[in-house]
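Colleague: Got a structure here, written out as structure tokens. Questions coming.
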Amino acid sequence: KLSTRRTKIVFGVGSPAADLVFVGEAPGHDEDVSGEPFVGPAGQLLTEIIVKGMKIRRQDVYIANIIKCRPPNNRNPEPDEIAACEPFLKQQLHLIRPKAIVALGSFAAQCLLKTRTPISRLRGVWANYQGIPLMPTCHPAYLLRNPSDKRLVWHDIQQVMALLGLR
Ligand code: URA
């Protein structure tokens with residue numbers, strides 16, 4: 001039902017041969033306008049993590065969201081919207097078959113792992129998504145409000161880099 005109000009679908013961006021996939025929650029205003037995930041302020045922070053932190057190019061990873069159309073006023077996605085969108089993400093992950101997935105924030109982590117455990121307990125610990133190592137970490141929008149927790153994310157990202165042989 002979100003599709004009736006969207007400007008653009010926000011399907012995903014990046015390399016279909018990516019070793020690493022980032023999964024966020026849902027498009028915001030900037031993403032709805034551009035059709036590309038993570039291009040607003042939180043997206044700019046994610047891009048910094050990828051480019052300055054991991055020292056890889058944004059176009060060499062794949063970035064997607066659980067929800068493909070912007071929820072009105074950025075409200076939380078509803079169960080029927082998750083049910084409508086999640087099969088697309090599942091297929092994206094199935095086709096890309098990355099070596100690792102980073103789940104950004106509690107919504108993505110809880111959705112992919114089918115758990116209600118809070119992100120504060122999930123983050124920093126490898127989980128498993130259909131045989132693919134999955135690292136839950138904080139959402140970049142949360143980091144914009146709580147910059148002192150950037151060090152937690154850097155800790156999580158370094159584990160991802162080690163798994164991918166990036167350092
Ligand atoms: N937040 C998300 O979870 N995804 C986006 O694409 C942008 C902001």
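Letters A, B, ... mark the chains of the structure tokens in the order given; residue numbers begin at 1 per chain; ligand numbers begin at 1, in order shown.
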Which residues form the shell of 10 Å around ligand 1 when you count only C-alpha atoms and all ligand atoms, given as an mmCIF file with C-alpha atoms, in the first residue's frame?
Modeller:
```
data_model
loop_
_atom_site.group_PDB
_atom_site.id
_atom_site.type_symbol
_atom_site.label_atom_id
_atom_site.label_comp_id
_atom_site.auth_asym_id
_atom_site.auth_seq_id
_atom_site.Cartn_x
_atom_site.Cartn_y
_atom_site.Cartn_z
ATOM 1 C CA VAL A 10 13.891 2.641 -3.709
ATOM 2 C CA PHE A 11 14.937 -0.834 -4.712
ATOM 3 C CA GLY A 12 18.667 -0.992 -4.046
ATOM 4 C CA PHE A 22 24.109 -3.152 3.890
ATOM 5 C CA VAL A 23 20.430 -3.392 4.811
ATOM 6 C CA GLY A 24 18.543 -0.437 6.276
ATOM 7 C CA GLU A 25 14.952 0.171 7.268
ATOM 8 C CA ALA A 26 12.978 2.223 4.783
ATOM 9 C CA PRO A 27 13.481 5.174 2.426
ATOM 10 C CA GLY A 28 13.202 8.688 3.841
ATOM 11 C CA HIS A 29 12.370 11.884 1.964
ATOM 12 C CA ASP A 30 15.650 12.201 0.052
ATOM 13 C CA GLU A 31 15.570 8.552 -0.978
ATOM 14 C CA ASP A 32 11.926 8.788 -2.125
ATOM 15 C CA GLY A 35 15.120 6.537 -5.931
ATOM 16 C CA GLU A 36 18.440 5.616 -4.277
ATOM 17 C CA PRO A 37 18.861 4.257 -0.724
ATOM 18 C CA PHE A 38 20.894 6.156 1.858
ATOM 19 C CA VAL A 39 21.477 9.469 0.107
ATOM 20 C CA GLY A 40 20.189 11.814 2.860
ATOM 21 C CA PRO A 41 22.135 12.831 5.998
ATOM 22 C CA ALA A 42 22.191 9.275 7.405
ATOM 23 C CA GLY A 43 23.244 8.040 3.991
ATOM 24 C CA GLN A 44 26.131 10.477 3.884
ATOM 25 C CA LEU A 46 26.996 5.513 5.821
ATOM 26 C CA ILE A 63 22.812 -1.104 -0.294
ATOM 27 C CA ALA A 64 19.120 -1.857 0.184
ATOM 28 C CA ASN A 65 16.291 -1.501 2.645
ATOM 29 C CA ILE A 66 13.700 -3.904 4.005
ATOM 30 C CA ILE A 67 10.931 -1.527 2.893
ATOM 31 C CA LYS A 68 11.065 -0.301 -0.704
ATOM 32 C CA CYS A 69 8.718 2.721 -0.555
ATOM 33 C CA ARG A 70 8.777 5.624 1.899
ATOM 34 C CA ASN A 74 8.721 8.285 8.149
ATOM 35 C CA ALA A 103 22.037 -4.909 9.293
ATOM 36 C CA LEU A 104 21.704 -1.205 10.113
ATOM 37 C CA GLY A 105 19.588 -0.629 13.207
ATOM 38 C CA PHE A 107 14.378 -2.762 12.488
ATOM 39 C CA ALA A 108 16.620 -4.396 9.864
ATOM 40 C CA HIS A 139 21.697 2.770 12.277
ATOM 41 C CA PRO A 140 23.584 5.827 10.953
ATOM 42 C CA ALA A 141 20.546 8.043 11.763
ATOM 43 C CA TYR A 142 20.988 6.971 15.398
#
```
Colleague: Among stretch 17-95 of chain A, which residues does DSSP mark as alpha helix (DSSP H) when it is run on the backbone? Keep the chain and numbering as in the structure and answer as a ChimeraX atom specification.
Modeller: /A:29-34,41-48,79-95
Colleague: Take the residues from that selection and put them in a file with N, CA and C atoms, as an mmCIF file, in the first residue's frame.
Modeller:
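Output saved as result-v5.cif:
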```cif
data_model
loop_
_atom_site.group_PDB
_atom_site.id
_atom_site.type_symbol
_atom_site.label_atom_id
_atom_site.label_comp_id
_atom_site.auth_asym_id
_atom_site.auth_seq_id
_atom_site.Cartn_x
_atom_site.Cartn_y
_atom_site.Cartn_z
ATOM 1 N N HIS A 29 12.760 10.904 2.983
ATOM 2 C CA HIS A 29 12.370 11.884 1.964
ATOM 3 C C HIS A 29 13.366 11.929 0.802
ATOM 4 N N ASP A 30 14.648 12.052 1.124
ATOM 5 C CA ASP A 30 15.650 12.201 0.052
ATOM 6 C C ASP A 30 15.709 10.962 -0.836
ATOM 7 N N GLU A 31 15.517 9.808 -0.213
ATOM 8 C CA GLU A 31 15.570 8.552 -0.978
ATOM 9 C C GLU A 31 14.336 8.417 -1.867
ATOM 10 N N ASP A 32 13.173 8.836 -1.351
ATOM 11 C CA ASP A 32 11.926 8.788 -2.125
ATOM 12 C C ASP A 32 12.034 9.663 -3.376
ATOM 13 N N VAL A 33 12.703 10.811 -3.219
ATOM 14 C CA VAL A 33 12.845 11.741 -4.346
ATOM 15 C C VAL A 33 13.853 11.202 -5.361
ATOM 16 N N SER A 34 14.965 10.637 -4.862
ATOM 17 C CA SER A 34 16.041 10.237 -5.780
ATOM 18 C C SER A 34 15.906 8.802 -6.288
ATOM 19 N N PRO A 41 21.083 12.664 4.977
ATOM 20 C CA PRO A 41 22.135 12.831 5.998
ATOM 21 C C PRO A 41 22.636 11.509 6.576
ATOM 22 N N ALA A 42 21.741 10.576 6.887
ATOM 23 C CA ALA A 42 22.191 9.275 7.405
ATOM 24 C C ALA A 42 22.984 8.528 6.337
ATOM 25 N N GLY A 43 22.554 8.688 5.099
ATOM 26 C CA GLY A 43 23.244 8.040 3.991
ATOM 27 C C GLY A 43 24.647 8.579 3.794
ATOM 28 N N GLN A 44 24.793 9.898 4.022
ATOM 29 C CA GLN A 44 26.131 10.477 3.884
ATOM 30 C C GLN A 44 27.071 9.913 4.947
ATOM 31 N N LEU A 45 26.518 9.670 6.139
ATOM 32 C CA LEU A 45 27.350 9.053 7.182
ATOM 33 C C LEU A 45 27.686 7.603 6.813
ATOM 34 N N LEU A 46 26.714 6.882 6.261
ATOM 35 C CA LEU A 46 26.996 5.513 5.821
ATOM 36 C C LEU A 46 28.081 5.519 4.744
ATOM 37 N N THR A 47 27.992 6.459 3.815
ATOM 38 C CA THR A 47 28.998 6.549 2.750
ATOM 39 C C THR A 47 30.387 6.819 3.347
ATOM 40 N N GLU A 48 30.433 7.663 4.379
ATOM 41 C CA GLU A 48 31.719 7.921 5.061
ATOM 42 C C GLU A 48 32.286 6.664 5.687
ATOM 43 N N PRO A 79 3.145 -4.305 9.676
ATOM 44 C CA PRO A 79 3.409 -5.720 9.333
ATOM 45 C C PRO A 79 3.057 -6.082 7.894
ATOM 46 N N ASP A 80 1.952 -5.563 7.364
ATOM 47 C CA ASP A 80 1.604 -5.917 5.978
ATOM 48 C C ASP A 80 2.580 -5.295 4.979
ATOM 49 N N GLU A 81 3.184 -4.165 5.349
ATOM 50 C CA GLU A 81 4.172 -3.533 4.464
ATOM 51 C C GLU A 81 5.483 -4.335 4.474
ATOM 52 N N ILE A 82 5.826 -4.843 5.645
ATOM 53 C CA ILE A 82 7.010 -5.706 5.729
ATOM 54 C C ILE A 82 6.770 -6.963 4.895
ATOM 55 N N ALA A 83 5.587 -7.539 5.047
ATOM 56 C CA ALA A 83 5.265 -8.775 4.309
ATOM 57 C C ALA A 83 5.295 -8.536 2.805
ATOM 58 N N ALA A 84 4.899 -7.329 2.368
ATOM 59 C CA ALA A 84 4.879 -7.037 0.936
ATOM 60 C C ALA A 84 6.285 -6.825 0.382
ATOM 61 N N CYS A 85 7.172 -6.253 1.192
ATOM 62 C CA CYS A 85 8.498 -5.868 0.685
ATOM 63 C C CYS A 85 9.582 -6.923 0.921
ATOM 64 N N GLU A 86 9.463 -7.678 1.998
ATOM 65 C CA GLU A 86 10.575 -8.548 2.386
ATOM 66 C C GLU A 86 10.949 -9.587 1.324
ATOM 67 N N PRO A 87 9.974 -10.143 0.576
ATOM 68 C CA PRO A 87 10.365 -11.111 -0.462
ATOM 69 C C PRO A 87 11.332 -10.532 -1.491
ATOM 70 N N PHE A 88 11.215 -9.231 -1.772
ATOM 71 C CA PHE A 88 12.143 -8.617 -2.732
ATOM 72 C C PHE A 88 13.561 -8.603 -2.163
ATOM 73 N N LEU A 89 13.689 -8.235 -0.901
ATOM 74 C CA LEU A 89 15.015 -8.217 -0.276
ATOM 75 C C LEU A 89 15.596 -9.629 -0.222
ATOM 76 N N LYS A 90 14.750 -10.593 0.101
ATOM 77 C CA LYS A 90 15.219 -11.987 0.161
ATOM 78 C C LYS A 90 15.803 -12.402 -1.176
ATOM 79 N N GLN A 91 15.117 -12.046 -2.270
ATOM 80 C CA GLN A 91 15.614 -12.381 -3.602
ATOM 81 C C GLN A 91 16.909 -11.632 -3.904
ATOM 82 N N GLN A 92 16.973 -10.359 -3.500
ATOM 83 C CA GLN A 92 18.212 -9.594 -3.720
ATOM 84 C C GLN A 92 19.384 -10.303 -3.036
ATOM 85 N N LEU A 93 19.188 -10.706 -1.784
ATOM 86 C CA LEU A 93 20.269 -11.358 -1.035
ATOM 87 C C LEU A 93 20.590 -12.721 -1.634
ATOM 88 N N HIS A 94 19.558 -13.411 -2.104
ATOM 89 C CA HIS A 94 19.750 -14.735 -2.702
ATOM 90 C C HIS A 94 20.571 -14.627 -3.990
ATOM 91 N N LEU A 95 20.294 -13.595 -4.791
ATOM 92 C CA LEU A 95 20.985 -13.451 -6.075
ATOM 93 C C LEU A 95 22.414 -12.932 -5.888
#
```
Colleague: I'd like the interatomic distance between atom CA of A:Leu163 and atom CA of A:Leu20, to a tenth of an Å.
Modeller: 10.4 Å
Colleague: Nearest to A:Arg58 among A:Ala162, A:Ala18, A:Leu144, A:Leu112, with distances taken over only C-alpha atoms: which residue is it?
Modeller: A:Ala18
Colleague: What's the 9 Å shell around A:Leu164, counting only C-alpha atoms, without same-chain residues fewer than 2 positions away, as a list in words?
Modeller: Asp19, Leu20, Lys99, Ala100, Gln159, Val160, Met161, Ala162, Leu166 and Arg167 of chain A
Colleague: Those same residues, written as a tab-separated table (two decimals), in the first residue's frame with C-alpha atoms?
Modeller:
```
chain	number	residue	atom	x	y	z
A	19	ASP	CA	30.88	-9.18	-1.15
A	20	LEU	CA	29.05	-6.95	1.32
A	99	LYS	CA	30.10	-12.89	1.98
A	100	ALA	CA	28.62	-10.70	4.73
A	159	GLN	CA	34.97	-7.27	12.44
A	160	VAL	CA	33.30	-7.14	9.02
A	161	MET	CA	36.55	-5.91	7.45
A	162	ALA	CA	38.47	-8.77	9.08
A	166	LEU	CA	40.07	-5.89	4.17
A	167	ARG	CA	42.89	-5.12	6.58
```
Colleague: Taking only C-alpha atoms into account, name the residue in A:Ser120, A:Arg6, A:Ser106, A:Asp60 that is nearest to A:Asn76.
Modeller: A:Ser106
Colleague: Between A:Ile49, A:Ser15, A:Pro71, A:Pro136, single out the one closest to A:Lys1, counting only C-alpha atoms.
Modeller: A:Pro71
